[in-house]
Amino acid sequence: MAPIPVSPISVGHIDDVQELRKTKPSCIPQRFVRNRAERPRFSMINPPSCKNIPVIDLSKLQKGNKDEFQAELLQLSTSCQDWGFFQVINHGVEISLLESIEKVAMDFFMLPLEEKQKYPMKPGTVQGYGQAFVFSEDQKLDWCNMMALGLEPKSIRNLKLWPTKPANFSETVEAYSREIRKLCKNLLKHIAIGLSLNENAFEDMFGAAVQAVRMNYYPACPRPDLVLGLSPHSDGSALTVLQQGKGSSAGLQIFKDNKWISVQPIPNALVINIGDTIEVLTNGKYKSVEHRAVTHKEKDRLSIVTFYAPSYDIEVGPMPELVNRNNPCKYRRYNHGEYSKHYVTNKLQGKKALDFAKVKNTHSLN
Ligand SMILES: O=C(O)CCC(=O)C(=O)O
Ligand SMILES: [Fe+2]
């Protein structure tokens, strides 16, 4: 008799957060209630002295005169080095496409649960509908429903997990992802120039880049002070592009100078962040930054997140140009596919995943 496949992971019952919300619970189920230290403290967010994350005007890098180009390039390098996060305006992605992706994502989340559950996210994977990064029965859960899809290269697509509803879902995700791919290449080109590297340095190294999209839906929560929309983490990607639903509450927070800072959405801008892979490639000059999502008492929130990373068969390690006596090599070389596997098979826990790549016993570790 053929052995019955048994999932080695037991995650217990996971409530669907939108369904839970519909029941208007008077108290939050314990699995969502964070330990005290992890709870968001809204009174501590964004003191008046704290600025919003930097803004990059991509049109100045593409069509600006020489002075505008240099000034914007400097702003880009500084944003990558000091913040690891920025918003990009005049990014070249049509507003109508931003609206279409938001519509299909929203329409998807509004489908009946049975329809969404036709594409279940299996424990230990990050494709399909459900909660990702859950590995045990006692792990706290995020106040979020996710739909995650692998896109490029075509070999990582799992079409069984692509919804057939709402109408135009696949076409829209594909069209959107093509444009976001162009944006990532464009940004990486300018990031390379800002680092005095060949403009194609990243592009040439990445091979057939991997791209995945994750739609996050955070229903309003009666006790935003007790839960997290998404646990603190850095992204395993090279670059991440995040679109926030129009009119959504502010929900994304980044950890900077030992404080959580709330990112104030700018209409039609896209939020970009440096992922672990760029941290390694730049030998820590540009760092991936820990971030999380919090919820709102009355408003739901949608985010559409694209991860852009090198091909799985690529070897990643600090670029020789960025390693020198003052900045000795901080990360080992490894296969990017192995890192991706490591990343998706561990719970989100700040920047812990990157320990995988850190060289032990150097004085300059941070
Ligand atoms: O929804 C957000 O603002 C954060 C999403 C995020 O960080 C992610 O999906 O990796
Ligand atoms: Fe993230």
# chains A, B, ... in the order shown; residues from 1 in each chain; ligands from 1
>>> residues_near_ligand(ligand="ligand 1", cutoff="8 Å", atoms="only C-alpha atoms and all ligand atoms", output="PyMOL selection string")
chain A and resi 214-218+229-230+233-235+240+242+244+251-253+291-293+301-305
>>> select_by_dssp(residues="range 43-245 of chain A", states="strand (DSSP E)", output="VMD selection string")
chain A and resid 55 to 57 85 to 89 128 to 130 145 to 152 210 to 218 230 to 233 239 to 244
>>> residues_around(residues="range 121-136 of chain A", least_positions_apart="5", cutoff="8 Å", atoms="only C-alpha atoms", output="PDB file with C-alpha atoms, in the first residue's frame")
ATOM      1  CA  SER A   7       2.313  16.851   6.615  1.00  0.00           C
ATOM      2  CA  ILE A   9       3.714  20.423  10.333  1.00  0.00           C
ATOM      3  CA  SER A  10       0.794  20.694  12.722  1.00  0.00           C
ATOM      4  CA  VAL A  11      -0.472  24.249  12.902  1.00  0.00           C
ATOM      5  CA  GLY A  12      -3.790  23.722  14.664  1.00  0.00           C
ATOM      6  CA  ILE A  14      -6.427  28.818  11.906  1.00  0.00           C
ATOM      7  CA  ASP A  16     -10.033  33.025   8.680  1.00  0.00           C
ATOM      8  CA  LYS A 116     -11.124  31.410  -1.772  1.00  0.00           C
ATOM      9  CA  LEU A 141      -1.314  34.407  14.278  1.00  0.00           C
ATOM     10  CA  ASP A 142      -1.367  37.570  12.216  1.00  0.00           C
ATOM     11  CA  CYS A 144      -4.419  39.091   8.029  1.00  0.00           C
ATOM     12  CA  ASN A 145      -5.600  36.980   5.112  1.00  0.00           C
ATOM     13  CA  MET A 146      -3.139  36.459   2.263  1.00  0.00           C
ATOM     14  CA  MET A 147      -3.238  35.388  -1.331  1.00  0.00           C
ATOM     15  CA  ALA A 148       0.238  34.600  -2.648  1.00  0.00           C
ATOM     16  CA  LEU A 149       1.240  33.724  -6.187  1.00  0.00           C
ATOM     17  CA  GLY A 150       4.571  32.794  -7.745  1.00  0.00           C
ATOM     18  CA  ASN A 158       1.490  26.892  -9.777  1.00  0.00           C
ATOM     19  CA  LEU A 161      -3.383  28.174  -7.230  1.00  0.00           C
ATOM     20  CA  TRP A 162      -4.416  30.938  -9.593  1.00  0.00           C
ATOM     21  CA  VAL A 344       9.834  30.371   3.729  1.00  0.00           C
ATOM     22  CA  THR A 345      10.272  27.451   6.101  1.00  0.00           C
ATOM     23  CA  ASN A 346      10.834  29.625   9.185  1.00  0.00           C
ATOM     24  CA  LYS A 347       8.421  31.879  11.006  1.00  0.00           C
ATOM     25  CA  LEU A 348       8.786  35.615  10.493  1.00  0.00           C
TER      26      LEU A 348
END
>>> residues_around(residues="Ser26 in chain A", least_positions_apart="2", cutoff="8 Å", atoms="only C-alpha atoms", output="ChimeraX atom specification")
/A:24,28,222
>>> write_last_selection(atoms="N, CA and C atoms", output="PDB file, in the first residue's frame")
ATOM      1  N   LYS A  24     -18.094  39.832  14.677  1.00  0.00           N
ATOM      2  CA  LYS A  24     -17.924  40.957  15.624  1.00  0.00           C
ATOM      3  C   LYS A  24     -17.574  40.444  17.036  1.00  0.00           C
ATOM      4  N   ILE A  28     -10.784  39.113  21.483  1.00  0.00           N
ATOM      5  CA  ILE A  28      -9.935  38.571  20.418  1.00  0.00           C
ATOM      6  C   ILE A  28      -9.471  37.160  20.822  1.00  0.00           C
ATOM      7  N   PRO A 222     -11.191  45.015  16.349  1.00  0.00           N
ATOM      8  CA  PRO A 222     -11.711  45.774  17.507  1.00  0.00           C
ATOM      9  C   PRO A 222     -10.624  46.130  18.523  1.00  0.00           C
TER      10      PRO A 222
END
>>> select_by_dssp(residues="range 28-227 of chain A", states="alpha helix (DSSP H)", output="VMD selection string")
chain A and resid 58 to 62 66 to 82 95 to 109 113 to 116 169 to 194 201 to 206
>>> atom_distance(atom1="CA of Tyr331 in chain A", atom2="CA of Val280 in chain A")
6.2 Å
>>> closest_residue(among="A:Glu290, A:Asp355, A:Glu203, A:Glu298", to="ligand 2", atoms="only C-alpha atoms and all ligand atoms")
A:Glu290
>>> closest_atom_pairs(of="range 255-363 of chain A", to="range 66-79 of chain A", cutoff="10 Å", atoms="only C-alpha atoms", output="CSV")
residue,atom,partner,partner_atom,distance
A:Asn273,CA,A:Ser79,CA,9.7
A:Ile274,CA,A:Ser79,CA,9.9
A:Tyr286,CA,A:Ser77,CA,8.7
>>> closest_residue(among="A:Ala269, A:Gly236, A:Ile254, A:Pro224", to="His91 in chain A", atoms="only C-alpha atoms")
A:Ala269
>>> decode(residues="range 59-95 of chain A", atoms="N, CA and C atoms", output="PDB file, in the first residue's frame")
ATOM      1  N   SER A  59      11.024  60.094 -12.384  1.00  0.00           N
ATOM      2  CA  SER A  59      11.109  60.823 -13.660  1.00  0.00           C
ATOM      3  C   SER A  59      12.385  61.674 -13.706  1.00  0.00           C
ATOM      4  N   LYS A  60      12.856  62.098 -12.539  1.00  0.00           N
ATOM      5  CA  LYS A  60      14.089  62.901 -12.516  1.00  0.00           C
ATOM      6  C   LYS A  60      15.302  62.037 -12.855  1.00  0.00           C
ATOM      7  N   LEU A  61      15.209  60.756 -12.575  1.00  0.00           N
ATOM      8  CA  LEU A  61      16.324  59.868 -12.916  1.00  0.00           C
ATOM      9  C   LEU A  61      16.265  59.481 -14.385  1.00  0.00           C
ATOM     10  N   GLN A  62      15.085  59.587 -14.960  1.00  0.00           N
ATOM     11  CA  GLN A  62      14.955  59.155 -16.351  1.00  0.00           C
ATOM     12  C   GLN A  62      14.995  60.311 -17.334  1.00  0.00           C
ATOM     13  N   LYS A  63      14.352  61.423 -16.941  1.00  0.00           N
ATOM     14  CA  LYS A  63      14.225  62.519 -17.903  1.00  0.00           C
ATOM     15  C   LYS A  63      14.788  63.825 -17.376  1.00  0.00           C
ATOM     16  N   GLY A  64      15.323  63.789 -16.164  1.00  0.00           N
ATOM     17  CA  GLY A  64      15.789  65.040 -15.570  1.00  0.00           C
ATOM     18  C   GLY A  64      17.076  65.540 -16.235  1.00  0.00           C
ATOM     19  N   ASN A  65      17.376  66.818 -16.052  1.00  0.00           N
ATOM     20  CA  ASN A  65      18.665  67.307 -16.543  1.00  0.00           C
ATOM     21  C   ASN A  65      19.765  66.766 -15.627  1.00  0.00           C
ATOM     22  N   LYS A  66      21.017  67.107 -15.984  1.00  0.00           N
ATOM     23  CA  LYS A  66      22.125  66.483 -15.259  1.00  0.00           C
ATOM     24  C   LYS A  66      22.083  66.756 -13.748  1.00  0.00           C
ATOM     25  N   ASP A  67      21.749  67.992 -13.405  1.00  0.00           N
ATOM     26  CA  ASP A  67      21.731  68.337 -11.979  1.00  0.00           C
ATOM     27  C   ASP A  67      20.619  67.597 -11.242  1.00  0.00           C
ATOM     28  N   GLU A  68      19.443  67.570 -11.898  1.00  0.00           N
ATOM     29  CA  GLU A  68      18.314  66.870 -11.265  1.00  0.00           C
ATOM     30  C   GLU A  68      18.651  65.390 -11.090  1.00  0.00           C
ATOM     31  N   PHE A  69      19.267  64.836 -12.138  1.00  0.00           N
ATOM     32  CA  PHE A  69      19.638  63.413 -12.085  1.00  0.00           C
ATOM     33  C   PHE A  69      20.568  63.155 -10.899  1.00  0.00           C
ATOM     34  N   GLN A  70      21.618  63.984 -10.786  1.00  0.00           N
ATOM     35  CA  GLN A  70      22.609  63.766  -9.715  1.00  0.00           C
ATOM     36  C   GLN A  70      21.980  63.923  -8.338  1.00  0.00           C
ATOM     37  N   ALA A  71      21.115  64.930  -8.208  1.00  0.00           N
ATOM     38  CA  ALA A  71      20.490  65.175  -6.899  1.00  0.00           C
ATOM     39  C   ALA A  71      19.581  63.999  -6.528  1.00  0.00           C
ATOM     40  N   GLU A  72      18.829  63.505  -7.511  1.00  0.00           N
ATOM     41  CA  GLU A  72      17.899  62.402  -7.221  1.00  0.00           C
ATOM     42  C   GLU A  72      18.657  61.094  -6.969  1.00  0.00           C
ATOM     43  N   LEU A  73      19.777  60.939  -7.698  1.00  0.00           N
ATOM     44  CA  LEU A  73      20.590  59.734  -7.494  1.00  0.00           C
ATOM     45  C   LEU A  73      21.159  59.719  -6.059  1.00  0.00           C
ATOM     46  N   LEU A  74      21.573  60.893  -5.612  1.00  0.00           N
ATOM     47  CA  LEU A  74      22.097  61.000  -4.253  1.00  0.00           C
ATOM     48  C   LEU A  74      20.998  60.690  -3.232  1.00  0.00           C
ATOM     49  N   GLN A  75      19.810  61.220  -3.525  1.00  0.00           N
ATOM     50  CA  GLN A  75      18.663  60.970  -2.633  1.00  0.00           C
ATOM     51  C   GLN A  75      18.340  59.470  -2.579  1.00  0.00           C
ATOM     52  N   LEU A  76      18.470  58.815  -3.743  1.00  0.00           N
ATOM     53  CA  LEU A  76      18.203  57.363  -3.799  1.00  0.00           C
ATOM     54  C   LEU A  76      19.235  56.603  -2.965  1.00  0.00           C
ATOM     55  N   SER A  77      20.515  56.946  -3.153  1.00  0.00           N
ATOM     56  CA  SER A  77      21.571  56.242  -2.400  1.00  0.00           C
ATOM     57  C   SER A  77      21.401  56.466  -0.901  1.00  0.00           C
ATOM     58  N   THR A  78      21.110  57.723  -0.537  1.00  0.00           N
ATOM     59  CA  THR A  78      20.948  58.030   0.890  1.00  0.00           C
ATOM     60  C   THR A  78      19.747  57.283   1.468  1.00  0.00           C
ATOM     61  N   SER A  79      18.666  57.225   0.680  1.00  0.00           N
ATOM     62  CA  SER A  79      17.470  56.519   1.163  1.00  0.00           C
ATOM     63  C   SER A  79      17.784  55.052   1.394  1.00  0.00           C
ATOM     64  N   CYS A  80      18.534  54.455   0.462  1.00  0.00           N
ATOM     65  CA  CYS A  80      18.869  53.030   0.593  1.00  0.00           C
ATOM     66  C   CYS A  80      19.768  52.811   1.805  1.00  0.00           C
ATOM     67  N   GLN A  81      20.690  53.732   2.015  1.00  0.00           N
ATOM     68  CA  GLN A  81      21.656  53.539   3.091  1.00  0.00           C
ATOM     69  C   GLN A  81      21.061  53.875   4.471  1.00  0.00           C
ATOM     70  N   ASP A  82      20.330  54.973   4.541  1.00  0.00           N
ATOM     71  CA  ASP A  82      19.857  55.426   5.859  1.00  0.00           C
ATOM     72  C   ASP A  82      18.502  54.857   6.258  1.00  0.00           C
ATOM     73  N   TRP A  83      17.701  54.498   5.260  1.00  0.00           N
ATOM     74  CA  TRP A  83      16.331  54.080   5.570  1.00  0.00           C
ATOM     75  C   TRP A  83      16.020  52.644   5.135  1.00  0.00           C
ATOM     76  N   GLY A  84      16.562  52.238   3.982  1.00  0.00           N
ATOM     77  CA  GLY A  84      16.182  50.926   3.426  1.00  0.00           C
ATOM     78  C   GLY A  84      14.758  50.900   2.901  1.00  0.00           C
ATOM     79  N   PHE A  85      14.098  52.047   2.967  1.00  0.00           N
ATOM     80  CA  PHE A  85      12.696  52.196   2.531  1.00  0.00           C
ATOM     81  C   PHE A  85      12.531  53.547   1.872  1.00  0.00           C
ATOM     82  N   PHE A  86      11.763  53.614   0.814  1.00  0.00           N
ATOM     83  CA  PHE A  86      11.388  54.916   0.262  1.00  0.00           C
ATOM     84  C   PHE A  86      10.108  54.763  -0.546  1.00  0.00           C
ATOM     85  N   GLN A  87       9.474  55.886  -0.867  1.00  0.00           N
ATOM     86  CA  GLN A  87       8.310  55.825  -1.762  1.00  0.00           C
ATOM     87  C   GLN A  87       8.759  56.378  -3.100  1.00  0.00           C
ATOM     88  N   VAL A  88       8.232  55.792  -4.165  1.00  0.00           N
ATOM     89  CA  VAL A  88       8.613  56.282  -5.479  1.00  0.00           C
ATOM     90  C   VAL A  88       7.385  56.868  -6.181  1.00  0.00           C
ATOM     91  N   ILE A  89       7.591  58.085  -6.711  1.00  0.00           N
ATOM     92  CA  ILE A  89       6.514  58.741  -7.477  1.00  0.00           C
ATOM     93  C   ILE A  89       6.971  58.870  -8.924  1.00  0.00           C
ATOM     94  N   ASN A  90       6.033  59.110  -9.807  1.00  0.00           N
ATOM     95  CA  ASN A  90       6.331  59.148 -11.254  1.00  0.00           C
ATOM     96  C   ASN A  90       7.123  57.893 -11.646  1.00  0.00           C
ATOM     97  N   HIS A  91       6.595  56.764 -11.193  1.00  0.00           N
ATOM     98  CA  HIS A  91       7.301  55.492 -11.360  1.00  0.00           C
ATOM     99  C   HIS A  91       7.058  54.824 -12.699  1.00  0.00           C
ATOM    100  N   GLY A  92       6.150  55.370 -13.493  1.00  0.00           N
ATOM    101  CA  GLY A  92       5.936  54.815 -14.835  1.00  0.00           C
ATOM    102  C   GLY A  92       4.857  53.742 -14.903  1.00  0.00           C
ATOM    103  N   VAL A  93       4.368  53.273 -13.761  1.00  0.00           N
ATOM    104  CA  VAL A  93       3.283  52.280 -13.818  1.00  0.00           C
ATOM    105  C   VAL A  93       1.968  53.068 -13.912  1.00  0.00           C
ATOM    106  N   GLU A  94       1.186  52.753 -14.964  1.00  0.00           N
ATOM    107  CA  GLU A  94      -0.064  53.495 -15.204  1.00  0.00           C
ATOM    108  C   GLU A  94      -0.978  53.449 -13.971  1.00  0.00           C
ATOM    109  N   ILE A  95      -1.567  54.592 -13.668  1.00  0.00           N
ATOM    110  CA  ILE A  95      -2.484  54.658 -12.525  1.00  0.00           C
ATOM    111  C   ILE A  95      -3.644  53.679 -12.737  1.00  0.00           C
TER     112      ILE A  95
END
